[in-house]
>>> print(open('coords_34.cif').read())   # mmCIF, C-alpha atoms, pLDDT in the B column; chains and numbers go by the auth columns
data_upload
#
loop_
_atom_site.group_PDB
_atom_site.id
_atom_site.type_symbol
_atom_site.label_atom_id
_atom_site.label_comp_id
_atom_site.label_asym_id
_atom_site.label_seq_id
_atom_site.Cartn_x
_atom_site.Cartn_y
_atom_site.Cartn_z
_atom_site.B_iso_or_equiv
_atom_site.auth_seq_id
_atom_site.auth_asym_id
ATOM 1 C CA MET A 1 60.857 89.465 42.100 40.00 1 D
ATOM 2 C CA ARG A 2 59.503 87.147 39.419 42.00 2 D
ATOM 3 C CA ILE A 3 57.225 85.462 41.966 37.00 3 D
ATOM 4 C CA ARG A 4 55.749 88.819 42.943 42.00 4 D
ATOM 5 C CA SER A 5 55.198 89.662 39.288 40.00 5 D
ATOM 6 C CA ALA A 6 53.469 86.335 38.731 37.00 6 D
ATOM 7 C CA PHE A 7 51.129 86.928 41.680 32.00 7 D
ATOM 8 C CA ALA A 8 50.356 90.424 40.421 39.00 8 D
ATOM 9 C CA ALA A 9 49.517 89.041 36.976 37.00 9 D
ATOM 10 C CA VAL A 10 47.191 86.417 38.464 33.00 10 D
ATOM 11 C CA ALA A 11 45.494 89.022 40.653 36.00 11 D
ATOM 12 C CA LEU A 12 44.947 91.250 37.627 35.00 12 D
ATOM 13 C CA LEU A 13 43.533 88.349 35.617 33.00 13 D
ATOM 14 C CA VAL A 14 41.110 87.409 38.417 32.00 14 D
ATOM 15 C CA THR A 15 39.929 91.022 38.620 35.00 15 D
ATOM 16 C CA PHE A 16 38.924 90.978 34.961 34.00 16 D
ATOM 17 C CA VAL A 17 37.536 87.427 34.787 36.00 17 D
ATOM 18 C CA LEU A 18 35.408 87.256 37.930 33.00 18 D
ATOM 19 C CA PRO A 19 32.126 89.182 37.880 40.00 19 D
ATOM 20 C CA ALA A 20 31.607 91.988 40.352 42.00 20 D
ATOM 21 C CA SER A 21 29.978 90.876 43.582 48.00 21 D
ATOM 22 C CA ALA A 22 26.180 90.949 43.435 67.00 22 D
ATOM 23 C CA ALA A 23 24.495 93.720 45.390 87.00 23 D
ATOM 24 C CA PRO A 24 21.407 92.985 47.479 92.00 24 D
ATOM 25 C CA MET A 25 18.384 95.285 47.368 96.00 25 D
ATOM 26 C CA SER A 26 19.022 98.741 48.721 97.00 26 D
ATOM 27 C CA GLU A 27 17.106 99.563 51.898 97.00 27 D
ATOM 28 C CA GLY A 28 14.967 102.028 49.952 98.00 28 D
ATOM 29 C CA ASP A 29 14.077 99.451 47.282 98.00 29 D
ATOM 30 C CA ARG A 30 13.252 96.873 49.937 98.00 30 D
ATOM 31 C CA GLN A 31 11.009 99.220 51.915 98.00 31 D
ATOM 32 C CA GLN A 32 9.166 100.330 48.781 98.00 32 D
ATOM 33 C CA LEU A 33 8.580 96.771 47.593 98.00 33 D
ATOM 34 C CA VAL A 34 7.452 95.406 50.955 98.00 34 D
ATOM 35 C CA ALA A 35 5.159 98.382 51.605 98.00 35 D
ATOM 36 C CA HIS A 36 3.524 98.076 48.178 98.00 36 D
ATOM 37 C CA LEU A 37 2.976 94.328 48.484 98.00 37 D
ATOM 38 C CA GLU A 38 1.507 94.749 51.971 98.00 38 D
ATOM 39 C CA MET A 39 -0.715 97.612 50.803 98.00 39 D
ATOM 40 C CA THR A 40 -2.209 95.791 47.820 98.00 40 D
ATOM 41 C CA GLU A 41 -2.835 92.580 49.743 98.00 41 D
ATOM 42 C CA ALA A 42 -4.608 94.392 52.586 98.00 42 D
ATOM 43 C CA TRP A 43 -6.542 96.567 50.129 98.00 43 D
ATOM 44 C CA LEU A 44 -7.713 93.582 48.104 98.00 44 D
ATOM 45 C CA VAL A 45 -8.890 91.782 51.225 98.00 45 D
ATOM 46 C CA SER A 46 -10.794 94.855 52.434 98.00 46 D
ATOM 47 C CA GLU A 47 -12.506 95.348 49.047 98.00 47 D
ATOM 48 C CA VAL A 48 -13.949 91.835 48.837 98.00 48 D
ATOM 49 C CA THR A 49 -14.631 91.009 52.475 97.00 49 D
ATOM 50 C CA GLY A 50 -18.316 90.903 53.362 97.00 50 D
ATOM 51 C CA LEU A 51 -19.655 91.089 49.809 98.00 51 D
ATOM 52 C CA SER A 52 -22.746 89.099 48.929 98.00 52 D
ATOM 53 C CA GLU A 53 -22.807 86.517 46.165 97.00 53 D
ATOM 54 C CA ALA A 54 -24.839 88.934 44.021 98.00 54 D
ATOM 55 C CA GLN A 55 -22.237 91.652 44.504 98.00 55 D
ATOM 56 C CA LEU A 56 -19.345 89.286 43.756 98.00 56 D
ATOM 57 C CA ARG A 57 -20.952 88.046 40.540 98.00 57 D
ATOM 58 C CA PHE A 58 -22.292 91.365 39.225 98.00 58 D
ATOM 59 C CA LYS A 59 -21.005 92.402 35.780 98.00 59 D
ATOM 60 C CA MET A 60 -21.230 95.921 34.359 97.00 60 D
ATOM 61 C CA THR A 61 -21.682 94.398 30.878 96.00 61 D
ATOM 62 C CA PRO A 62 -22.018 90.792 29.689 94.00 62 D
ATOM 63 C CA GLU A 63 -18.370 90.900 28.526 93.00 63 D
ATOM 64 C CA SER A 64 -16.830 92.567 31.575 95.00 64 D
ATOM 65 C CA TRP A 65 -15.422 90.824 34.632 97.00 65 D
ATOM 66 C CA SER A 66 -17.181 90.471 37.932 98.00 66 D
ATOM 67 C CA ILE A 67 -15.346 91.033 41.217 98.00 67 D
ATOM 68 C CA MET A 68 -15.121 87.258 41.532 98.00 68 D
ATOM 69 C CA ASP A 69 -13.493 87.120 38.078 97.00 69 D
ATOM 70 C CA VAL A 70 -10.969 89.799 39.025 98.00 70 D
ATOM 71 C CA VAL A 71 -9.819 87.946 42.136 98.00 71 D
ATOM 72 C CA GLU A 72 -9.576 84.689 40.201 97.00 72 D
ATOM 73 C CA HIS A 73 -7.491 86.464 37.556 97.00 73 D
ATOM 74 C CA LEU A 74 -5.025 87.525 40.256 98.00 74 D
ATOM 75 C CA ALA A 75 -4.930 83.988 41.650 98.00 75 D
ATOM 76 C CA ILE A 76 -4.033 82.708 38.170 97.00 76 D
ATOM 77 C CA ALA A 77 -1.720 85.516 37.057 97.00 77 D
ATOM 78 C CA GLU A 78 0.468 86.049 40.097 98.00 78 D
ATOM 79 C CA PRO A 79 1.952 82.523 40.111 98.00 79 D
ATOM 80 C CA GLN A 80 2.829 82.992 36.425 97.00 80 D
ATOM 81 C CA TYR A 81 4.452 86.357 37.125 98.00 81 D
ATOM 82 C CA TRP A 82 6.296 84.895 40.114 98.00 82 D
ATOM 83 C CA LYS A 83 7.673 82.110 37.920 98.00 83 D
ATOM 84 C CA ASN A 84 8.836 84.727 35.403 98.00 84 D
ATOM 85 C CA LEU A 85 10.656 86.461 38.232 98.00 85 D
ATOM 86 C CA SER A 86 12.204 83.233 39.526 98.00 86 D
ATOM 87 C CA ASP A 87 13.359 82.223 36.044 98.00 87 D
ATOM 88 C CA SER A 88 14.890 85.654 35.503 98.00 88 D
ATOM 89 C CA MET A 89 16.730 85.469 38.818 97.00 89 D
ATOM 90 C CA ALA A 90 18.108 82.039 37.863 97.00 90 D
ATOM 91 C CA ALA A 91 19.735 83.549 34.764 96.00 91 D
ATOM 92 C CA PRO A 92 23.204 85.129 35.058 94.00 92 D
ATOM 93 C CA VAL A 93 23.552 88.701 36.285 92.00 93 D
ATOM 94 C CA LYS A 94 23.893 91.160 33.385 85.00 94 D
ATOM 95 C CA GLU A 95 26.792 93.407 34.330 86.00 95 D
ATOM 96 C CA GLY A 96 25.985 97.067 33.754 87.00 96 D
ATOM 97 C CA TYR A 97 22.395 96.345 32.671 91.00 97 D
ATOM 98 C CA LYS A 98 20.233 99.469 32.487 94.00 98 D
ATOM 99 C CA PRO A 99 16.496 98.814 31.989 97.00 99 D
ATOM 100 C CA GLU A 100 14.416 100.827 29.540 97.00 100 D
ATOM 101 C CA ALA A 101 11.558 100.885 32.043 97.00 101 D
ATOM 102 C CA THR A 102 11.590 103.219 35.035 98.00 102 D
ATOM 103 C CA ASP A 103 10.362 102.628 38.582 97.00 103 D
ATOM 104 C CA ALA A 104 8.044 105.624 38.172 97.00 104 D
ATOM 105 C CA ALA A 105 6.426 104.019 35.123 97.00 105 D
ATOM 106 C CA ILE A 106 5.928 100.749 37.015 97.00 106 D
ATOM 107 C CA LEU A 107 4.218 102.624 39.866 97.00 107 D
ATOM 108 C CA TRP A 108 2.104 104.677 37.448 96.00 108 D
ATOM 109 C CA TYR A 109 0.946 101.449 35.787 95.00 109 D
ATOM 110 C CA GLY A 110 -0.857 100.587 39.016 95.00 110 D
ATOM 111 C CA ILE A 111 -2.698 103.902 39.096 95.00 111 D
ATOM 112 C CA ASP A 112 -3.524 104.783 35.491 91.00 112 D
ATOM 113 C CA ARG A 113 -6.180 102.506 33.987 87.00 113 D
ATOM 114 C CA SER A 114 -6.729 104.627 30.880 81.00 114 D
ATOM 115 C CA ASP A 115 -4.712 102.149 28.789 78.00 115 D
ATOM 116 C CA ARG A 116 -6.496 98.803 29.061 72.00 116 D
ATOM 117 C CA ASN A 117 -5.188 95.783 27.200 73.00 117 D
ATOM 118 C CA ARG A 118 -6.830 92.382 27.125 74.00 118 D
ATOM 119 C CA THR A 119 -4.946 89.821 29.193 79.00 119 D
ATOM 120 C CA GLY A 120 -3.485 86.647 27.701 79.00 120 D
ATOM 121 C CA ASP A 121 -5.718 83.587 27.444 79.00 121 D
ATOM 122 C CA ALA A 122 -3.673 81.799 30.112 78.00 122 D
ATOM 123 C CA ARG A 123 -4.774 84.398 32.669 89.00 123 D
ATOM 124 C CA VAL A 124 -8.457 84.698 31.778 89.00 124 D
ATOM 125 C CA PRO A 125 -10.733 83.499 34.634 91.00 125 D
ATOM 126 C CA HIS A 126 -12.773 80.431 33.759 90.00 126 D
ATOM 127 C CA GLY A 127 -14.294 79.468 37.110 91.00 127 D
ATOM 128 C CA THR A 128 -11.239 77.567 38.323 92.00 128 D
ATOM 129 C CA TYR A 129 -12.049 78.614 41.887 95.00 129 D
ATOM 130 C CA PRO A 130 -15.601 77.901 43.101 94.00 130 D
ATOM 131 C CA SER A 131 -15.608 80.861 45.487 96.00 131 D
ATOM 132 C CA VAL A 132 -13.833 84.171 46.042 97.00 132 D
ATOM 133 C CA LYS A 133 -12.739 82.849 49.426 97.00 133 D
ATOM 134 C CA GLU A 134 -10.632 80.189 47.703 98.00 134 D
ATOM 135 C CA SER A 135 -9.178 82.435 45.020 98.00 135 D
ATOM 136 C CA LEU A 136 -8.314 85.081 47.622 98.00 136 D
ATOM 137 C CA ALA A 137 -6.672 82.420 49.790 98.00 137 D
ATOM 138 C CA ALA A 138 -4.527 81.372 46.823 98.00 138 D
ATOM 139 C CA VAL A 139 -3.429 84.975 46.269 98.00 139 D
ATOM 140 C CA ARG A 140 -2.559 85.414 49.942 98.00 140 D
ATOM 141 C CA THR A 141 -0.638 82.148 50.172 98.00 141 D
ATOM 142 C CA LEU A 142 1.708 83.212 47.391 98.00 142 D
ATOM 143 C CA ARG A 143 1.921 86.760 48.755 98.00 143 D
ATOM 144 C CA LYS A 144 3.269 85.315 51.999 98.00 144 D
ATOM 145 C CA THR A 145 6.200 83.868 50.022 98.00 145 D
ATOM 146 C CA MET A 146 6.630 87.079 48.033 98.00 146 D
ATOM 147 C CA LEU A 147 6.759 89.187 51.175 98.00 147 D
ATOM 148 C CA GLU A 148 9.141 86.898 53.026 98.00 148 D
ATOM 149 C CA THR A 149 11.474 86.928 50.017 98.00 149 D
ATOM 150 C CA ALA A 150 11.222 90.710 49.668 98.00 150 D
ATOM 151 C CA ARG A 151 12.062 91.172 53.351 98.00 151 D
ATOM 152 C CA THR A 152 15.016 88.784 53.535 98.00 152 D
ATOM 153 C CA SER A 153 16.559 88.123 50.105 97.00 153 D
ATOM 154 C CA GLN A 154 20.162 89.189 49.576 97.00 154 D
ATOM 155 C CA ASP A 155 19.992 88.558 45.810 96.00 155 D
ATOM 156 C CA ASP A 156 20.787 91.213 43.219 96.00 156 D
ATOM 157 C CA TYR A 157 17.390 92.004 41.691 97.00 157 D
ATOM 158 C CA ARG A 158 18.673 95.098 39.914 96.00 158 D
ATOM 159 C CA GLY A 159 21.402 93.109 38.172 96.00 159 D
ATOM 160 C CA HIS A 160 19.026 90.652 36.510 96.00 160 D
ATOM 161 C CA GLN A 161 17.020 91.502 33.413 97.00 161 D
ATOM 162 C CA LEU A 162 13.476 90.192 33.179 98.00 162 D
ATOM 163 C CA ILE A 163 13.586 87.433 30.576 97.00 163 D
ATOM 164 C CA GLY A 164 12.010 88.821 27.420 95.00 164 D
ATOM 165 C CA GLY A 165 11.303 92.169 29.078 96.00 165 D
ATOM 166 C CA ASN A 166 12.600 95.726 29.185 96.00 166 D
ATOM 167 C CA MET A 167 12.878 95.959 32.965 98.00 167 D
ATOM 168 C CA ASP A 168 15.081 94.589 35.709 98.00 168 D
ATOM 169 C CA ALA A 169 13.891 91.853 38.067 98.00 169 D
ATOM 170 C CA TYR A 170 13.217 94.325 40.881 98.00 170 D
ATOM 171 C CA GLN A 171 10.879 96.310 38.648 98.00 171 D
ATOM 172 C CA TRP A 172 9.034 93.132 37.673 98.00 172 D
ATOM 173 C CA TYR A 173 8.704 92.225 41.369 98.00 173 D
ATOM 174 C CA LEU A 174 7.154 95.647 41.983 98.00 174 D
ATOM 175 C CA MET A 175 4.991 95.260 38.873 98.00 175 D
ATOM 176 C CA ILE A 176 3.329 92.145 40.355 98.00 176 D
ATOM 177 C CA SER A 177 1.981 94.397 43.080 98.00 177 D
ATOM 178 C CA THR A 178 1.090 97.345 40.824 98.00 178 D
ATOM 179 C CA HIS A 179 -0.728 94.920 38.509 97.00 179 D
ATOM 180 C CA SER A 180 -2.937 93.890 41.422 98.00 180 D
ATOM 181 C CA GLN A 181 -3.478 97.560 42.256 98.00 181 D
ATOM 182 C CA ARG A 182 -4.898 98.104 38.755 97.00 182 D
ATOM 183 C CA HIS A 183 -7.392 95.322 39.374 97.00 183 D
ATOM 184 C CA ILE A 184 -8.314 96.615 42.822 98.00 184 D
ATOM 185 C CA LEU A 185 -9.243 99.863 41.086 97.00 185 D
ATOM 186 C CA GLN A 186 -11.254 97.752 38.632 97.00 186 D
ATOM 187 C CA ILE A 187 -13.146 96.270 41.579 98.00 187 D
ATOM 188 C CA ARG A 188 -13.910 99.787 42.788 98.00 188 D
ATOM 189 C CA GLU A 189 -15.230 100.670 39.324 97.00 189 D
ATOM 190 C CA VAL A 190 -17.587 97.673 39.483 98.00 190 D
ATOM 191 C CA LYS A 191 -18.811 98.798 42.898 98.00 191 D
ATOM 192 C CA ALA A 192 -19.407 102.336 41.633 98.00 192 D
ATOM 193 C CA HIS A 193 -21.673 101.183 38.789 98.00 193 D
ATOM 194 C CA PRO A 194 -25.292 102.398 39.180 98.00 194 D
ATOM 195 C CA ALA A 195 -26.657 98.858 38.852 98.00 195 D
ATOM 196 C CA TYR A 196 -24.298 97.318 41.413 98.00 196 D
ATOM 197 C CA PRO A 197 -26.429 95.415 43.984 98.00 197 D
ATOM 198 C CA ALA A 198 -26.853 97.138 47.332 97.00 198 D
ATOM 199 C CA THR A 199 -26.689 93.787 49.107 96.00 199 D
#
>>> encode(input="coords_34.cif", output="structure tokens")
Amino acid sequence: MRIRSAFAAVALLVTFVLPASAAPMSEGDRQQLVAHLEMTEAWLVSEVTGLSEAQLRFKMTPESWSIMDVVEHLAIAEPQYWKNLSDSMAAPVKEGYKPEATDAAILWYGIDRSDRNRTGDARVPHGTYPSVKESLAAVRTLRKTMLETARTSQDDYRGHQLIGGNMDAYQWYLMISTHSQRHILQIREVKAHPAYPAT
């Protein structure tokens, strides 16, 4: 009788001490993330393929970015954002964490360019890549890793808070793609400018 009581006490203690098992991405989360990453990569490629050097380097104003600048920005920014995600996933799961951000807000961020903030100096294009072909290749190389991880990972992205952020790691993962969507729309704005070269 005492032995049974001892086992029951140990079992109860383990229940309270051990964290709940981590939950992998839901099928809905996974499909949304993969579809968005695939969409923005394909869209970016289609927007810049076949453009002339004059079109790639055209600026609406002396201070604005060219299409070449935009693609270089993505090639610089996405590795930084990916590291933020990896660092956040390496931190312990936060049991019961509820982010302030919403998935809807993350998705809207990719569509609504009415609020435009200047990017940090570490992500400003400075001609690191000599051609858009090379900067685009850098984006696509990392996207291959992002997509493979999104398709196969069994990690708990909802249970991790973005380090220094108000969202969970899944939302930050999605934000990497919606961030690129914002800049694809920027490319389209450049193309729509009256002075944009025809060839």
>>> residues_around(input="coords_34.cif", residues="Pro24 (chain D)", least_positions_apart="6", cutoff="7 Å", atoms="all atoms listed in the file", output="PyMOL selection string")
chain D and resi 154-156
>>> resolve_selection(input="coords_34.cif", expression="the PyMOL selection byres ((chain D and resi 54-71) around 7)", output="list in words")
Leu51, Ser52, Glu53, Glu72, His73, Leu74, Ala75, Pro125, Val132, Ser135, Leu136, His183, Ile187, Val190, His193, Tyr196, Pro197 and Thr199 of chain D
>>> closest_residue(input="coords_34.cif", among="D:Lys94, D:Asn84, D:Leu107, D:Ser26", to="Gly165 (chain D)", atoms="all atoms listed in the file")
D:Asn84
>>> closest_residue(input="coords_34.cif", among="D:Ser114, D:Ser86, D:Thr40, D:Gln32", to="Gln181 (chain D)", atoms="all atoms listed in the file")
D:Thr40
>>> resolve_selection(input="coords_34.cif", expression="the PyMOL selection byres ((chain D and resi 169) around 10)", output="MDAnalysis selection string")
chainID D and resid 84:89 99 156:163 165:168 170:175
>>> decode(input="coords_34.cif", residues="region 38-71 of chain D", atoms="N, CA and C atoms", output="mmCIF file, in the first residue's frame")
data_model
loop_
_atom_site.group_PDB
_atom_site.id
_atom_site.type_symbol
_atom_site.label_atom_id
_atom_site.label_comp_id
_atom_site.auth_asym_id
_atom_site.auth_seq_id
_atom_site.Cartn_x
_atom_site.Cartn_y
_atom_site.Cartn_z
ATOM 1 N N GLU D 38 5.818 29.914 -50.922
ATOM 2 C CA GLU D 38 5.890 29.555 -52.341
ATOM 3 C C GLU D 38 5.377 30.700 -53.216
ATOM 4 N N MET D 39 4.272 31.313 -52.792
ATOM 5 C CA MET D 39 3.681 32.403 -53.570
ATOM 6 C C MET D 39 4.648 33.575 -53.712
ATOM 7 N N THR D 40 5.232 34.022 -52.593
ATOM 8 C CA THR D 40 6.077 35.210 -52.662
ATOM 9 C C THR D 40 7.379 34.942 -53.414
ATOM 10 N N GLU D 41 7.911 33.737 -53.299
ATOM 11 C CA GLU D 41 9.123 33.438 -54.069
ATOM 12 C C GLU D 41 8.827 33.461 -55.566
ATOM 13 N N ALA D 42 7.762 32.763 -55.976
ATOM 14 C CA ALA D 42 7.417 32.717 -57.397
ATOM 15 C C ALA D 42 7.061 34.103 -57.923
ATOM 16 N N TRP D 43 6.367 34.888 -57.118
ATOM 17 C CA TRP D 43 5.958 36.233 -57.526
ATOM 18 C C TRP D 43 7.171 37.136 -57.701
ATOM 19 N N LEU D 44 8.103 37.056 -56.767
ATOM 20 C CA LEU D 44 9.317 37.866 -56.870
ATOM 21 C C LEU D 44 10.091 37.520 -58.136
ATOM 22 N N VAL D 45 10.251 36.237 -58.389
ATOM 23 C CA VAL D 45 10.976 35.807 -59.588
ATOM 24 C C VAL D 45 10.292 36.346 -60.843
ATOM 25 N N SER D 46 8.969 36.240 -60.903
ATOM 26 C CA SER D 46 8.243 36.685 -62.096
ATOM 27 C C SER D 46 8.345 38.200 -62.298
ATOM 28 N N GLU D 47 8.422 38.959 -61.203
ATOM 29 C CA GLU D 47 8.474 40.423 -61.312
ATOM 30 C C GLU D 47 9.818 40.931 -61.838
ATOM 31 N N VAL D 48 10.884 40.199 -61.581
ATOM 32 C CA VAL D 48 12.209 40.718 -61.967
ATOM 33 C C VAL D 48 12.800 40.015 -63.185
ATOM 34 N N THR D 49 12.226 38.902 -63.577
ATOM 35 C CA THR D 49 12.764 38.169 -64.720
ATOM 36 C C THR D 49 12.559 38.955 -66.019
ATOM 37 N N GLY D 50 13.606 39.069 -66.796
ATOM 38 C CA GLY D 50 13.522 39.702 -68.104
ATOM 39 C C GLY D 50 13.631 41.213 -68.107
ATOM 40 N N LEU D 51 13.876 41.817 -66.942
ATOM 41 C CA LEU D 51 13.993 43.276 -66.899
ATOM 42 C C LEU D 51 15.369 43.719 -67.407
ATOM 43 N N SER D 52 15.385 44.856 -68.053
ATOM 44 C CA SER D 52 16.654 45.407 -68.535
ATOM 45 C C SER D 52 17.410 46.047 -67.377
ATOM 46 N N GLU D 53 18.665 46.358 -67.626
ATOM 47 C CA GLU D 53 19.474 47.016 -66.596
ATOM 48 C C GLU D 53 18.882 48.382 -66.246
ATOM 49 N N ALA D 54 18.372 49.087 -67.260
ATOM 50 C CA ALA D 54 17.765 50.403 -67.020
ATOM 51 C C ALA D 54 16.523 50.272 -66.143
ATOM 52 N N GLN D 55 15.736 49.256 -66.389
ATOM 53 C CA GLN D 55 14.538 49.028 -65.575
ATOM 54 C C GLN D 55 14.901 48.637 -64.148
ATOM 55 N N LEU D 56 15.909 47.799 -63.989
ATOM 56 C CA LEU D 56 16.332 47.347 -62.663
ATOM 57 C C LEU D 56 16.901 48.482 -61.821
ATOM 58 N N ARG D 57 17.534 49.446 -62.482
ATOM 59 C CA ARG D 57 18.209 50.525 -61.748
ATOM 60 C C ARG D 57 17.383 51.813 -61.667
ATOM 61 N N PHE D 58 16.219 51.838 -62.269
ATOM 62 C CA PHE D 58 15.393 53.046 -62.247
ATOM 63 C C PHE D 58 14.910 53.364 -60.832
ATOM 64 N N LYS D 59 14.986 54.659 -60.468
ATOM 65 C CA LYS D 59 14.491 55.125 -59.171
ATOM 66 C C LYS D 59 13.425 56.191 -59.389
ATOM 67 N N MET D 60 12.345 56.109 -58.643
ATOM 68 C CA MET D 60 11.263 57.094 -58.765
ATOM 69 C C MET D 60 11.722 58.469 -58.290
ATOM 70 N N THR D 61 12.590 58.482 -57.276
ATOM 71 C CA THR D 61 13.210 59.715 -56.769
ATOM 72 C C THR D 61 14.661 59.370 -56.445
ATOM 73 N N PRO D 62 15.515 60.365 -56.281
ATOM 74 C CA PRO D 62 16.915 60.068 -55.944
ATOM 75 C C PRO D 62 17.053 59.268 -54.641
ATOM 76 N N GLU D 63 16.090 59.435 -53.716
ATOM 77 C CA GLU D 63 16.190 58.769 -52.415
ATOM 78 C C GLU D 63 15.528 57.386 -52.387
ATOM 79 N N SER D 64 14.679 57.114 -53.347
ATOM 80 C CA SER D 64 13.928 55.850 -53.314
ATOM 81 C C SER D 64 14.780 54.687 -53.814
ATOM 82 N N TRP D 65 14.288 53.489 -53.597
ATOM 83 C CA TRP D 65 15.011 52.285 -54.009
ATOM 84 C C TRP D 65 14.627 51.883 -55.425
ATOM 85 N N SER D 66 15.614 51.368 -56.124
ATOM 86 C CA SER D 66 15.360 50.748 -57.419
ATOM 87 C C SER D 66 14.893 49.308 -57.191
ATOM 88 N N ILE D 67 14.466 48.649 -58.251
ATOM 89 C CA ILE D 67 14.089 47.236 -58.141
ATOM 90 C C ILE D 67 15.291 46.416 -57.701
ATOM 91 N N MET D 68 16.454 46.749 -58.219
ATOM 92 C CA MET D 68 17.683 46.061 -57.823
ATOM 93 C C MET D 68 17.940 46.227 -56.322
ATOM 94 N N ASP D 69 17.691 47.434 -55.807
ATOM 95 C CA ASP D 69 17.855 47.691 -54.372
ATOM 96 C C ASP D 69 16.887 46.843 -53.542
ATOM 97 N N VAL D 70 15.649 46.749 -54.015
ATOM 98 C CA VAL D 70 14.633 46.001 -53.277
ATOM 99 C C VAL D 70 15.030 44.528 -53.144
ATOM 100 N N VAL D 71 15.484 43.946 -54.239
ATOM 101 C CA VAL D 71 15.869 42.527 -54.195
ATOM 102 C C VAL D 71 17.095 42.343 -53.308
#
